[in-house]
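Asks: My file is work_34.txt. It has compact mmCIF, C-alpha atoms:
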```txt
# COMPACT_ATOMS: atom_id res chain seq x y z
CA MET E 39 0.00 0.00 0.00
CA ARG E 40 1.29 3.45 -0.90
CA PRO E 41 1.61 5.67 2.21
CA ALA E 42 -0.60 8.74 2.20
CA LYS E 43 2.38 11.03 2.80
CA ASP E 44 3.93 9.80 -0.48
CA PHE E 45 0.82 10.20 -2.60
CA PHE E 46 1.70 13.70 -3.76
CA ARG E 47 5.41 13.07 -4.28
CA PRO E 48 6.75 12.65 -7.85
CA LEU E 49 7.16 9.06 -8.98
CA ALA E 50 10.44 9.84 -10.74
CA VAL E 51 13.44 12.02 -9.88
CA GLY E 52 13.07 15.30 -11.72
CA ALA E 53 9.38 14.90 -12.52
CA PRO E 54 7.01 17.77 -11.69
CA ASP E 55 5.05 17.64 -8.43
CA PRO E 56 1.60 16.02 -8.76
CA VAL E 57 -1.41 18.31 -8.65
CA HIS E 58 -3.30 18.49 -5.35
CA GLU E 59 -6.57 19.41 -7.05
CA VAL E 60 -7.78 18.90 -10.62
CA PRO E 61 -7.95 22.27 -12.38
CA ALA E 62 -11.55 23.35 -12.94
CA ARG E 63 -11.38 23.99 -16.67
CA PRO E 64 -14.58 23.86 -18.75
CA SER E 65 -14.69 20.82 -21.01
CA ARG E 66 -18.22 20.69 -22.35
CA ALA E 67 -17.28 19.20 -25.74
CA ILE E 68 -14.31 16.88 -26.21
CA HIS E 69 -14.03 16.90 -30.00
CA PHE E 70 -12.33 13.86 -31.50
CA PHE E 71 -10.24 14.12 -34.66
CA ASP E 72 -8.03 11.71 -36.58
CA PRO E 73 -4.56 13.24 -36.91
CA SER E 74 -3.80 10.94 -39.85
CA ASN E 75 -6.67 12.45 -41.86
CA GLU E 76 -5.11 15.47 -43.57
CA LYS E 77 -8.46 17.06 -44.43
CA MET E 78 -9.62 16.78 -40.82
CA ALA E 79 -6.27 17.89 -39.42
CA SER E 80 -6.22 21.00 -41.60
CA LYS E 81 -9.37 22.27 -39.86
CA ILE E 82 -7.93 22.12 -36.34
CA PRO E 83 -6.40 25.65 -36.23
CA ASP E 84 -9.81 27.11 -37.13
CA MET E 85 -11.51 25.17 -34.31
CA VAL E 86 -9.43 26.71 -31.55
CA GLY E 87 -11.51 28.92 -29.20
CA PRO E 88 -12.69 31.12 -27.65
CA GLY E 89 -16.24 31.18 -28.91
CA SER E 90 -19.60 29.44 -28.57
CA GLY E 91 -18.95 27.32 -31.64
CA ALA E 92 -15.54 26.08 -30.53
CA PRO E 93 -14.97 22.93 -28.48
CA ASP E 94 -13.38 23.33 -25.07
CA VAL E 95 -11.19 20.30 -25.84
CA LEU E 96 -9.60 19.04 -29.06
CA LEU E 97 -8.60 15.39 -28.82
CA GLY E 98 -6.21 13.71 -31.22
CA ASN E 99 -7.47 10.14 -31.42
CA LEU E 100 -4.90 7.37 -31.85
CA GLU E 101 -7.03 4.38 -30.85
CA ASP E 102 -10.36 3.09 -32.23
CA ALA E 103 -11.41 4.50 -35.62
CA VAL E 104 -7.74 4.71 -36.63
CA LYS E 105 -6.72 1.70 -38.77
CA ALA E 106 -3.70 -0.35 -37.74
CA ASP E 107 -1.66 0.78 -40.74
CA ASN E 108 -2.42 4.43 -39.88
CA LYS E 109 -1.35 4.30 -36.22
CA GLU E 110 2.13 5.72 -36.78
CA ALA E 111 0.82 8.35 -39.19
CA ALA E 112 -1.78 9.44 -36.63
CA ARG E 113 0.86 9.77 -33.91
CA ALA E 114 3.19 11.75 -36.17
CA GLY E 115 0.28 13.89 -37.34
CA LEU E 116 -0.66 14.78 -33.79
CA VAL E 117 2.92 15.85 -33.07
CA ARG E 118 2.94 18.11 -36.15
CA ILE E 119 -0.44 19.66 -35.29
CA ALA E 120 0.53 20.30 -31.67
CA GLN E 121 3.86 21.86 -32.59
CA ALA E 122 2.30 24.14 -35.21
CA THR E 123 -0.83 25.28 -33.34
CA ASP E 124 -1.39 27.87 -30.64
CA PHE E 125 -4.31 26.37 -28.75
CA GLY E 126 -4.94 29.39 -26.53
CA PRO E 127 -7.77 28.54 -24.08
CA THR E 128 -8.57 25.29 -25.90
CA GLN E 129 -7.24 22.15 -24.22
CA LEU E 130 -5.34 19.51 -26.19
CA TRP E 131 -5.99 15.91 -25.20
CA THR E 132 -5.14 12.60 -26.82
CA ARG E 133 -6.55 9.10 -26.61
CA ILE E 134 -3.68 6.65 -26.72
CA ASN E 135 -3.95 3.05 -27.84
CA ALA E 136 -4.98 0.36 -25.38
CA LEU E 137 -2.39 -0.69 -22.81
CA ASP E 138 -2.20 -4.21 -24.27
CA SER E 139 -1.58 -2.94 -27.81
CA PRO E 140 1.78 -2.85 -29.66
CA TRP E 141 1.50 0.93 -30.19
CA VAL E 142 0.91 2.34 -26.71
CA LEU E 143 4.53 2.52 -25.55
CA ASP E 144 5.53 4.53 -28.62
CA ASP E 145 2.43 6.70 -28.14
CA LEU E 146 3.52 7.70 -24.65
CA THR E 147 7.26 8.05 -25.25
CA THR E 148 6.78 10.09 -28.43
CA LEU E 149 3.99 12.38 -27.29
CA VAL E 150 5.34 13.21 -23.83
CA THR E 151 8.88 13.92 -24.99
CA GLU E 152 7.92 15.84 -28.15
CA ILE E 153 4.69 17.70 -27.27
CA GLY E 154 4.30 17.11 -23.54
CA ASP E 155 4.28 20.87 -22.96
CA LYS E 156 1.15 21.13 -25.13
CA LEU E 157 -0.74 18.07 -23.85
CA ASP E 158 -3.21 18.64 -21.02
CA VAL E 159 -4.72 15.18 -20.65
CA ILE E 160 -4.02 11.64 -21.86
CA MET E 161 -7.13 9.49 -22.21
CA VAL E 162 -6.53 5.81 -21.48
CA PRO E 163 -9.00 3.33 -23.02
CA LYS E 164 -10.36 0.13 -21.51
CA VAL E 165 -9.08 0.75 -18.00
CA GLN E 166 -9.69 -2.34 -15.90
CA GLY E 167 -8.42 -1.30 -12.48
CA ALA E 168 -6.02 0.83 -10.49
CA GLU E 169 -3.06 -1.21 -11.79
CA ASP E 170 -3.55 0.28 -15.26
CA ILE E 171 -3.42 3.81 -13.87
CA HIS E 172 -0.36 2.97 -11.74
CA TYR E 173 1.50 1.79 -14.84
CA VAL E 174 0.71 4.96 -16.80
CA ASP E 175 1.39 7.13 -13.75
CA ARG E 176 4.95 5.89 -13.23
CA LEU E 177 5.82 5.92 -16.93
CA LEU E 178 4.52 9.48 -17.37
CA ALA E 179 6.62 10.65 -14.43
CA GLN E 180 9.75 9.14 -15.97
CA LEU E 181 9.02 10.68 -19.37
CA GLU E 182 8.15 14.08 -17.88
CA ALA E 183 11.48 14.10 -16.07
CA LYS E 184 13.28 13.18 -19.27
CA ALA E 185 11.48 15.93 -21.19
CA GLY E 186 12.01 18.52 -18.45
CA LEU E 187 8.30 19.28 -18.15
CA GLU E 188 7.23 21.71 -15.43
CA ARG E 189 3.67 20.48 -14.98
CA PRO E 190 2.25 16.95 -14.88
CA ILE E 191 0.07 15.61 -17.67
CA LEU E 192 -3.28 14.44 -16.30
CA VAL E 193 -4.95 11.09 -16.98
CA HIS E 194 -8.52 10.36 -18.04
CA ALA E 195 -9.89 6.79 -17.96
CA ILE E 196 -12.61 5.34 -20.17
CA LEU E 197 -15.13 2.92 -18.63
CA GLU E 198 -15.47 0.22 -21.30
CA THR E 199 -15.53 -3.04 -19.35
CA ALA E 200 -17.60 -4.57 -16.59
CA ARG E 201 -14.44 -4.99 -14.54
CA GLY E 202 -13.69 -1.30 -14.93
CA VAL E 203 -17.15 -0.41 -13.62
CA ALA E 204 -16.73 -2.84 -10.72
CA ASN E 205 -13.39 -1.16 -9.85
CA ILE E 206 -14.55 2.37 -10.52
CA GLU E 207 -13.79 3.83 -7.07
CA GLU E 208 -10.21 2.54 -6.99
CA ILE E 209 -9.63 3.78 -10.55
CA CYS E 210 -10.72 7.30 -9.56
CA GLY E 211 -8.43 7.26 -6.53
CA ALA E 212 -5.43 5.57 -8.15
CA SER E 213 -3.34 8.70 -8.79
CA PRO E 214 -3.29 12.47 -8.28
CA ARG E 215 -3.14 12.61 -12.08
CA MET E 216 -6.72 11.40 -12.44
CA GLN E 217 -8.69 14.09 -14.25
CA GLY E 218 -11.88 12.20 -14.94
CA LEU E 219 -13.81 9.30 -16.42
CA SER E 220 -15.82 8.86 -19.60
CA LEU E 221 -18.52 6.33 -20.38
CA GLY E 222 -17.58 4.06 -23.31
CA PRO E 223 -20.99 2.56 -24.11
CA ALA E 224 -20.18 0.46 -27.18
CA ASP E 225 -17.29 -1.55 -25.73
CA LEU E 226 -19.02 -1.74 -22.36
CA ALA E 227 -22.18 -3.10 -23.98
CA ALA E 228 -20.14 -5.80 -25.74
CA ASP E 229 -18.26 -6.73 -22.56
CA ARG E 230 -21.50 -6.99 -20.59
CA ARG E 231 -23.16 -8.97 -23.39
CA MET E 232 -25.87 -6.33 -23.62
CA LYS E 233 -28.17 -6.92 -26.59
CA THR E 234 -27.81 -3.56 -28.29
CA THR E 235 -25.75 -2.46 -31.26
CA ARG E 236 -26.29 1.25 -30.63
CA VAL E 237 -23.45 3.56 -29.55
CA GLY E 238 -25.00 5.32 -26.57
CA GLY E 239 -28.57 6.45 -26.17
CA GLY E 240 -31.70 4.53 -25.28
CA HIS E 241 -33.27 1.49 -26.89
CA PRO E 242 -36.95 1.01 -27.84
CA GLY E 243 -36.88 -2.49 -26.36
CA TYR E 244 -35.75 -1.27 -22.95
CA LEU E 245 -39.07 0.05 -21.64
CA VAL E 246 -41.77 0.06 -19.02
CA ARG E 247 -45.43 -0.40 -19.88
CA GLN E 248 -48.49 1.31 -18.51
CA ASP E 249 -50.65 -0.83 -16.23
CA PRO E 250 -53.74 -2.35 -17.88
CA ASP E 251 -57.06 -0.59 -17.49
CA PRO E 252 -59.33 -2.91 -15.43
CA GLN E 253 -62.34 -1.54 -17.27
CA GLN E 254 -60.74 -1.97 -20.71
CA PRO E 255 -58.23 -4.84 -20.46
CA ASP E 256 -57.78 -5.00 -24.25
CA LYS E 257 -57.01 -1.28 -24.58
CA GLN E 258 -53.57 -0.49 -26.00
CA ARG E 259 -51.16 0.42 -23.20
CA GLN E 260 -48.61 3.20 -23.46
CA THR E 261 -44.90 2.31 -23.32
CA TYR E 262 -42.01 4.49 -22.20
CA GLN E 263 -38.46 4.02 -23.46
CA GLN E 264 -35.84 3.82 -20.72
CA ASP E 265 -32.15 4.79 -20.52
CA LEU E 266 -29.79 1.80 -20.67
CA TRP E 267 -26.95 3.86 -19.18
CA HIS E 268 -28.60 5.50 -16.19
CA TYR E 269 -27.09 3.14 -13.60
CA THR E 270 -23.57 3.36 -15.02
CA ILE E 271 -23.59 7.14 -15.35
CA ALA E 272 -24.95 7.60 -11.83
CA ARG E 273 -22.30 5.28 -10.39
CA MET E 274 -19.59 7.07 -12.38
CA VAL E 275 -20.76 10.48 -11.12
CA ASP E 276 -20.69 9.30 -7.48
CA ALA E 277 -17.19 7.82 -7.80
CA CYS E 278 -15.86 10.95 -9.48
CA ALA E 279 -17.43 13.26 -6.90
CA MET E 280 -15.95 11.17 -4.10
CA HIS E 281 -12.43 11.56 -5.49
CA GLY E 282 -12.63 15.11 -6.85
CA VAL E 283 -12.41 14.18 -10.54
CA TYR E 284 -14.84 14.84 -13.38
CA PRO E 285 -17.42 12.56 -15.07
CA TYR E 286 -18.24 12.71 -18.80
CA TYR E 287 -20.75 11.15 -21.11
CA GLY E 288 -19.04 9.44 -24.03
CA PRO E 289 -19.99 9.12 -27.70
CA PHE E 290 -23.46 9.35 -29.21
CA GLY E 291 -23.13 7.42 -32.43
CA ASP E 292 -26.27 8.45 -34.35
CA ILE E 293 -24.92 11.67 -35.84
CA ALA E 294 -28.14 12.39 -37.77
CA ASP E 295 -30.42 12.21 -34.71
CA GLU E 296 -29.62 15.55 -33.11
CA THR E 297 -32.76 15.50 -30.96
CA ALA E 298 -31.93 12.21 -29.24
CA CYS E 299 -28.31 13.31 -28.94
CA GLU E 300 -29.35 16.46 -27.10
CA ASP E 301 -31.69 14.47 -24.85
CA GLN E 302 -28.90 12.05 -23.90
CA PHE E 303 -26.42 14.86 -23.27
CA ARG E 304 -28.95 16.67 -21.07
CA ASN E 305 -29.66 13.55 -19.03
CA ALA E 306 -25.94 13.26 -18.35
CA PHE E 307 -25.67 16.96 -17.50
CA LEU E 308 -28.56 16.78 -15.03
CA LEU E 309 -27.03 13.72 -13.36
CA GLY E 310 -23.73 15.55 -12.81
CA CYS E 311 -21.56 15.07 -15.90
CA VAL E 312 -19.52 18.11 -16.92
CA GLY E 313 -19.15 17.33 -20.62
CA THR E 314 -19.31 14.79 -23.41
CA TRP E 315 -17.58 13.58 -26.55
CA SER E 316 -18.19 15.11 -29.95
CA LEU E 317 -17.80 12.85 -32.99
CA HIS E 318 -18.99 15.43 -35.54
CA PRO E 319 -18.81 19.25 -35.57
CA LYS E 320 -22.61 19.50 -35.29
CA GLN E 321 -22.40 17.82 -31.87
CA ILE E 322 -20.10 20.57 -30.55
CA ALA E 323 -22.90 23.13 -30.60
CA ILE E 324 -25.26 20.68 -28.91
CA ALA E 325 -22.76 19.92 -26.15
CA ASN E 326 -21.88 23.58 -25.58
CA ARG E 327 -25.56 24.44 -25.27
CA VAL E 328 -26.53 21.53 -23.03
CA PHE E 329 -23.55 21.67 -20.66
CA SER E 330 -23.89 25.43 -20.13
CA PRO E 331 -26.46 26.47 -17.49
CA SER E 332 -29.38 28.36 -19.02
CA VAL E 333 -29.94 32.05 -18.35
CA GLU E 334 -33.07 31.13 -16.39
CA ASP E 335 -31.17 28.70 -14.17
CA ILE E 336 -28.43 31.25 -13.45
CA ARG E 337 -30.97 33.98 -12.71
CA HIS E 338 -32.67 31.72 -10.16
CA ALA E 339 -29.35 30.59 -8.68
CA ARG E 340 -28.19 34.18 -8.21
CA ARG E 341 -31.51 35.08 -6.58
CA VAL E 342 -31.09 32.28 -4.06
CA VAL E 343 -27.49 33.28 -3.34
CA ALA E 344 -28.53 36.92 -2.85
CA ALA E 345 -31.45 35.99 -0.61
CA MET E 346 -29.64 33.49 1.61
CA GLY E 347 -27.20 35.98 3.10
CA ASP E 348 -24.85 34.08 5.42
CA GLY E 349 -26.16 30.74 4.11
CA THR E 350 -28.06 29.72 7.23
CA GLY E 351 -31.79 29.46 7.82
CA ALA E 352 -34.37 29.37 5.04
CA VAL E 353 -36.18 31.80 2.76
CA MET E 354 -39.26 31.65 0.56
CA LEU E 355 -38.88 32.54 -3.13
CA ASP E 356 -41.85 32.27 -5.48
CA GLY E 357 -43.64 30.05 -2.98
CA LYS E 358 -40.75 27.60 -2.65
CA MET E 359 -38.52 27.05 0.32
CA GLU E 360 -34.79 27.60 -0.21
CA ASP E 361 -32.28 26.60 2.48
CA ASP E 362 -28.59 25.79 2.84
CA ALA E 363 -28.89 22.73 0.58
CA SER E 364 -30.51 24.89 -2.09
CA LEU E 365 -27.68 27.38 -1.73
CA LYS E 366 -25.06 24.69 -2.31
CA GLN E 367 -26.85 23.59 -5.48
CA CYS E 368 -27.03 27.16 -6.72
CA LEU E 369 -23.37 27.87 -5.97
CA VAL E 370 -22.43 24.93 -8.24
CA MET E 371 -24.34 26.59 -11.08
CA VAL E 372 -22.98 30.07 -10.42
CA GLU E 373 -19.39 28.81 -10.27
CA LEU E 374 -19.82 26.96 -13.58
CA ALA E 375 -21.31 30.06 -15.20
CA GLU E 376 -18.30 32.12 -14.11
CA GLN E 377 -15.87 29.54 -15.54
CA LEU E 378 -17.73 29.40 -18.86
CA ALA E 379 -18.05 33.16 -19.13
CA ALA E 380 -14.27 33.44 -18.88
CA ILE E 381 -13.79 31.46 -22.11
CA ASP E 382 -17.05 32.03 -24.02
CA PRO E 383 -17.75 35.69 -24.98
CA GLU E 384 -21.33 34.97 -26.05
CA LEU E 385 -22.20 33.30 -22.76
CA ARG E 386 -20.53 36.13 -20.87
CA LYS E 387 -22.89 38.61 -22.56
CA GLN E 388 -25.91 36.49 -21.68
CA TYR E 389 -24.90 35.98 -18.05
CA ASP E 390 -23.83 39.61 -17.56
CA ALA E 391 -27.24 40.80 -18.79
CA ILE E 392 -29.09 38.91 -16.06
CA GLU E 393 -30.89 41.16 -13.61
CA VAL E 394 -31.60 39.63 -10.21
CA ASP E 395 -34.69 40.63 -8.22
CA ARG E 396 -35.09 39.49 -4.62
```
Would you mind writing the file's structure down as structure tokens?

Replies:
Amino acid sequence: MRPAKDFFRPLAVGAPDPVHEVPARPSRAIHFFDPSNEKMASKIPDMVGPGSGAPDVLLGNLEDAVKADNKEAARAGLVRIAQATDFGPTQLWTRINALDSPWVLDDLTTLVTEIGDKLDVIMVPKVQGAEDIHYVDRLLAQLEAKAGLERPILVHAILETARGVANIEEICGASPRMQGLSLGPADLAADRRMKTTRVGGGHPGYLVRQDPDPQQPDKQRQTYQQDLWHYTIARMVDACAMHGVYPYYGPFGDIADETACEDQFRNAFLLGCVGTWSLHPKQIAIANRVFSPSVEDIRHARRVVAAMGDGTGAVMLDGKMEDDASLKQCLVMVELAEQLAAIDPELRKQYDAIEVDR
């Protein structure tokens, strides 16, 4: 067992000190791109923020969706893009290949030593337990020391196996580098032997049915489609909150169904997720809208904060009781609005225009 006093000490001589708290940086849309696709890569400089249409995170994908014979080209492409681009407020992440793959060691050694000063987060797929994070943690420390980096690169794990879900708390607490977790619904569905071929979202066969009418037993009964991922997302949110890291929804594969995509993103947002993946530029706008508190929500939150004074007792606003628990909820919203306003000029205008009446 690693002693608590050693938890925040570097794992390699010369490596930067681990962070004591994950930086609270907005990451509503994590936009995936293939660095080996020249057409896609050429658009990256124009996608750098700030702005309502820009993603908070650009992620160079090296794993799934990149063919085996393109792996080296994708890695080299990401290095070129990172070296040539000023990302400003936009974060640069990467998803490396799986830890049991023949490419992952070169991914880490190349990226950390050549563009480690540009990389904010490394996303690790198919994390099974704390041992996977420990391996990446030590190796990153050694590479950071070799590269002379002054800040540690953070780690983000993807939940794609039943074992990963079963070990979710120890994964979140495995290293000070842990930035967050994402739901990987397709691989997780396969590992669980779930009978769905959809990438995220609900399923029409996963439903509840209205009770029969005793007076009209043959009358057609209404059905209601359920969310296959509610349990997993809720468990992920709890584990992340416990360890001070951030939960994310993953991919929504039906690019054409923008309505269902927005519904799924909003469910995740309401449950506590701070962002989601974007597989197509049209999903960036959806994610930025959904994972930004509405003007109405911020107006109400500010009213509660203004009315609560020192935070004790209770007040009545519009016929509803607001107390210290309400205040804590509202402070979460107000803090998020302030973070988003700092990077999104359009949101700043909307939030600044809010007038609060007691």

Asks: In terms of the shortest atom-to-atom distance over all atoms listed in the file, which of E:Lys387, E:Lys81, E:Pro214, E:Trp141 is closest to Asp44 in chain E?

Replies: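 Closest to Asp44 in chain E, using all atoms listed in the file: E:Pro214.
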
Asks: Determine, counting only C-alpha atoms, which protein, DNA and RNA residues have an atom within 9 Å of an atom of Arg201 in chain E; residues of the same chain fewer than 3 positions away are not included. Present the result as a compact mmCIF listing (two decimals) with C-alpha atoms, in the coordinates of the input.

Replies:
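Writing done, so here's result27.txt:
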```
# COMPACT_ATOMS: atom_id res chain seq x y z
CA VAL E 165 -9.08 0.75 -18.00
CA GLN E 166 -9.69 -2.34 -15.90
CA GLY E 167 -8.42 -1.30 -12.48
CA LEU E 197 -15.13 2.92 -18.63
CA GLU E 198 -15.47 0.22 -21.30
CA ALA E 204 -16.73 -2.84 -10.72
CA ASN E 205 -13.39 -1.16 -9.85
CA ILE E 206 -14.55 2.37 -10.52
```

Asks: Select, from E:Arg341, E:Lys43, E:Arg66, E:Arg215, the residue with the minimum atom-to-atom distance to Phe307 in chain E, counting only C-alpha atoms.

Replies: E:Arg66

Asks: Between CA of Glu360 in chain E and CA of Ala345 in chain E, what distance in Å does the model show, to one decimal?

Replies: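 Distance reported for this atom pair: 9.0 Å.
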
Asks: Rank E:Ala306, E:Ala179, E:Val343, E:Ala379 by their smallest atom-to-atom distance to Ala363 in chain E, using only C-alpha atoms, and report the top residue only.

Replies: E:Val343

Asks: Near Lys358 in chain E, within 12 Å and counting all atoms listed in the file, which residues show up once chain neighbours fewer than 6 positions away are dropped, as a PDB file with C-alpha atoms, keeping the file's coordinate frame?

Replies:
```
ATOM      1  CA  HIS E 338     -32.670  31.720 -10.160  1.00  0.00           C
ATOM      2  CA  VAL E 342     -31.090  32.280  -4.060  1.00  0.00           C
ATOM      3  CA  ALA E 352     -34.370  29.370   5.040  1.00  0.00           C
ATOM      4  CA  SER E 364     -30.510  24.890  -2.090  1.00  0.00           C
TER       5      SER E 364
END
```

Asks: With distances taken over all atoms listed in the file, which residue among E:Glu188, E:Asp72, E:Asp251, E:Glu384 lies nearest Leu97 in chain E?

Replies: E:Asp72

Asks: Please determine the residues with any atom at most 7 Å from (-24.0, 3.4, -29.0) (coordinates as given in the file, with only C-alpha atoms counting) and report them as an MDAnalysis selection string.

Replies: chainID E and resid 223:224 235:239 290:291

Asks: Looking at only C-alpha atoms, which of E:Ile322, E:Leu226, E:Met359, E:Val150 is the one that sits closest to Ile196 in chain E?

Replies: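 The closest residue to Ile196 in chain E is E:Leu226.
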
Asks: Box in all listed atoms of range 306-311 of chain E, axis-aligned, with 3 Å more on each side; write out centre and edge lengths in Å to one decimal as AutoDock Vina command-line options.

Replies:
```
--center_x -25.1 --center_y 15.1 --center_z -15.6 --size_x 13.0 --size_y 9.7 --size_z 11.5
```

Asks: So the first atom is CA of Val203 in chain E and the second is CA of Gly243 in chain E; what is the distance between them in Å, to one decimal place?

Replies: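 Spanning CA of Val203 in chain E to CA of Gly243 in chain E is a straight-line distance of 23.6 Å.
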
Asks: Within 12 Å of Glu300 in chain E, counting all atoms listed in the file, which residues qualify if same-chain residues fewer than 3 places away don't, as a list in words?

Replies: Gly238, Gly239, Tyr287, Pro289, Phe290, Asp292, Ile293, Ala294, Asp295, Glu296, Thr297, Phe303, Arg304, Asn305, Ala306, Phe307, Thr314, Ser316, Lys320, Gln321, Ile322, Ala323, Ile324, Ala325, Asn326, Arg327, Val328 and Phe329 of chain E

Asks: May I have the residues within 8 Å of range 119-124 of chain E as a PyMOL selection string, using all atoms listed in the file and disregarding those fewer than 4 positions away in the same chain?

Replies: chain E and resi 73+79+82-83+115+153+156

Asks: Any idea what the distance is between CA of Leu355 in chain E and CA of Arg337 in chain E?

Replies: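 CA of Leu355 in chain E sits 12.5 Å away from CA of Arg337 in chain E.
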
Asks: Between E:Lys109, E:Arg230, E:Arg259, E:Lys184, which residue has the minimum interatomic distance to Ser74 in chain E, considering all atoms listed in the file?

Replies: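 The closest residue to Ser74 in chain E is E:Lys109.
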
Asks: Quick one: everything within 12 Å of range 209-213 of chain E, counting only C-alpha atoms, minus sequence neighbours fewer than 5 positions away in the same chain. Send it as number ranges by chain.

Replies: E: 39-40, 42, 44-49, 56-60, 162, 164-176, 178-179, 190-197, 201-204, 218-220, 273-285
